[in-house]
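Have a look at the structure below, then the notes.
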Amino acid sequence: MMRLESSTYMAKLRAAARENVYAIVGHAARILALIGLFLPWALMDDAASPLTGPQFAVYFWDGADSDYLWSTQTLAFVAFSAAPWAICASVAYATAKSMISMDSPLAHGIALVSIVLFLWNGSNAVDDVHPHVFAFFVPHVGLLAVIADMVVSTATLTISRGSLGTQSYSFRRAGDRGPRSN
């Protein structure tokens, strides 16, 4: 009897430790994504240095290419200029909300979709230094960090919620037996 209780207790401890590891990895990924907002994302045509996320958000108000992009590809310009705002806001929101002990899968989704729009619509606006893969340009280290960290953070949210078939354990009264799946 004592061995059965011990094994159940150990299974509960392992499950709790596994959930804590996912939470720690998710928090670290969101903080690194927040740092990635302030690292270089891409080099625009005729720019002296690569722009960061907040600089991209402001670039389209007074940047040199804004009039040209607006006149040539209006829809691409709107998506390309709105994406940095959405990326910065959703990464900051996901990080802040996770610190309050609540997850925000919607913010993760908005960030990832905005990144895809940014990379797809920005292929004509960035400098020729950037290599292209299919219709997407390859960004610098800052946006690569944001992409990688948001993917890791989304994966930890999915795993910790039990969507991939992991079994979660809850503590029960003394008379109940075995782990219970939620």
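Here, A, B, ... name the chains of the structure tokens in the order displayed, residue numbers run from 1 inside each chain, and ligands are numbered from 1 in the same displayed order.
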(request) Write out as a PyMOL selection string each polymer residue whose atoms come within 7 Å of stretch 139-153 of chain A, counting only C-alpha atoms; drop sequence neighbours fewer than 4 positions from it. (result) chain A and resi 26+29-30+32-33+36-42+108+157
(request) Assign secondary structure with DSSP using the backbone only, and return the residues of stretch 1-179 of chain A in helix (DSSP H, G or I) as a ChimeraX atom specification. (result) /A:2-36,53-62,66-72,74-99,105-121,141-160
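DSSP secondary structure from the backbone places His132, Val133, Phe136 and Phe137 of chain A of chain A in strand (DSSP E).
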Would you write out those residues with N, CA, C and O atoms, as a PDB file, in the first residue's frame?
ATOM      1  N   HIS A 132      16.506  36.046 -50.106  1.00  0.00           N
ATOM      2  CA  HIS A 132      15.079  35.734 -50.149  1.00  0.00           C
ATOM      3  C   HIS A 132      14.895  34.224 -50.241  1.00  0.00           C
ATOM      4  O   HIS A 132      15.636  33.542 -50.930  1.00  0.00           O
ATOM      5  N   VAL A 133      13.898  33.735 -49.525  1.00  0.00           N
ATOM      6  CA  VAL A 133      13.495  32.338 -49.610  1.00  0.00           C
ATOM      7  C   VAL A 133      12.052  32.358 -50.083  1.00  0.00           C
ATOM      8  O   VAL A 133      11.166  32.828 -49.360  1.00  0.00           O
ATOM      9  N   PHE A 136       9.609  35.377 -49.300  1.00  0.00           N
ATOM     10  CA  PHE A 136       9.904  35.989 -48.004  1.00  0.00           C
ATOM     11  C   PHE A 136      11.368  36.410 -47.942  1.00  0.00           C
ATOM     12  O   PHE A 136      12.242  35.700 -48.413  1.00  0.00           O
ATOM     13  N   PHE A 137      11.629  37.570 -47.324  1.00  0.00           N
ATOM     14  CA  PHE A 137      13.016  37.960 -47.126  1.00  0.00           C
ATOM     15  C   PHE A 137      13.510  37.402 -45.799  1.00  0.00           C
ATOM     16  O   PHE A 137      12.725  37.152 -44.879  1.00  0.00           O
TER      17      PHE A 137
END
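With only C-alpha atoms as the atoms that count, the minimum distance from A:Thr156 to the choices A:Tyr22, A:Phe134, A:Trp61, A:Phe80 is reached by A:Tyr22.
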(request) Choose the residue, out of A:Ser49, A:Asn121, A:Val58, A:Leu43, that has the smallest atom-to-atom separation from A:Val78; count only C-alpha atoms. (result)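 Checking each of A:Ser49, A:Asn121, A:Val58, A:Leu43 against A:Val78, counting only C-alpha atoms, the winner is A:Asn121.
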(request) Show which residues sit within 9 Å of A:Ala86, as number ranges by chain. Count only C-alpha atoms, and ignore same-chain residues fewer than 5 positions away. (result) A: 91, 110-111, 114-115
Write to file, as a compact mmCIF listing (two decimals), in the first residue's frame, the residues of the selection just made, with N, CA and C atoms.
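And here's again-v7.txt as it stands now:
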# COMPACT_ATOMS: atom_id res chain seq x y z
N VAL A 91 3.75 40.97 -28.77
CA VAL A 91 4.84 40.38 -27.98
C VAL A 91 4.88 41.01 -26.58
N ILE A 110 -1.47 36.44 -33.22
CA ILE A 110 -1.36 37.73 -33.90
C ILE A 110 0.10 38.04 -34.23
N ALA A 111 1.00 37.76 -33.30
CA ALA A 111 2.42 38.01 -33.55
C ALA A 111 2.94 37.17 -34.71
N SER A 114 1.42 38.32 -38.06
CA SER A 114 2.01 39.62 -38.42
C SER A 114 3.44 39.47 -38.93
N ILE A 115 4.19 38.56 -38.33
CA ILE A 115 5.56 38.31 -38.80
C ILE A 115 5.55 37.77 -40.22
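All residues of protein, DNA or RNA that reach within 9 Å of stretch 103-107 of chain A, judged by only C-alpha atoms and not counting those fewer than 3 positions away in the chain, are Ile87, Ala89, Ser90, Val91, Tyr93, Ala94, Thr95, Lys97, Ser98, Met99, Ile100, Ile110, Ala111, Leu112, Thr154, Leu157 and Thr158 of chain A.
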(request) Rounded to one decimal place, report the atom CA of A:Met102-atom CA of A:Ile24 distance in Å. (result)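 So the answer is 13.5 Å.
Using only C-alpha atoms for every distance, the candidate list A:Ile159, A:Met44, A:Ala57, A:Ala28 yields A:Met44 as the residue closest to A:His130.
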(request) State, in Å with one decimal place, the distance from atom CA of A:Leu117 to atom CA of A:Ala82. (result)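 Between atom CA of A:Leu117 and atom CA of A:Ala82 the gap works out to 9.3 Å.
Take atom CA of A:Leu119 and atom CA of A:Val138: the distance between them is 7.5 Å.
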Restrict the calculation to only C-alpha atoms, then for each residue of stretch 50-90 of chain A with any atom at most 10 Å from an atom of stretch 123-129 of chain A give the closest atom pair and their distance in Å to one decimal, rows by chain and rising residue number, as CSV.
residue,atom,partner,partner_atom,distance
A:Pro50,CA,A:Asp127,CA,9.7
A:Asp65,CA,A:Ala125,CA,7.7
A:Ser66,CA,A:Ala125,CA,9.5
A:Tyr68,CA,A:Ala125,CA,9.5
A:Leu69,CA,A:Ala125,CA,7.4
A:Gln73,CA,A:Asn124,CA,9.6
A:Ala76,CA,A:Asn124,CA,9.4
A:Phe77,CA,A:Ala125,CA,9.0
A:Phe80,CA,A:Ala125,CA,9.0
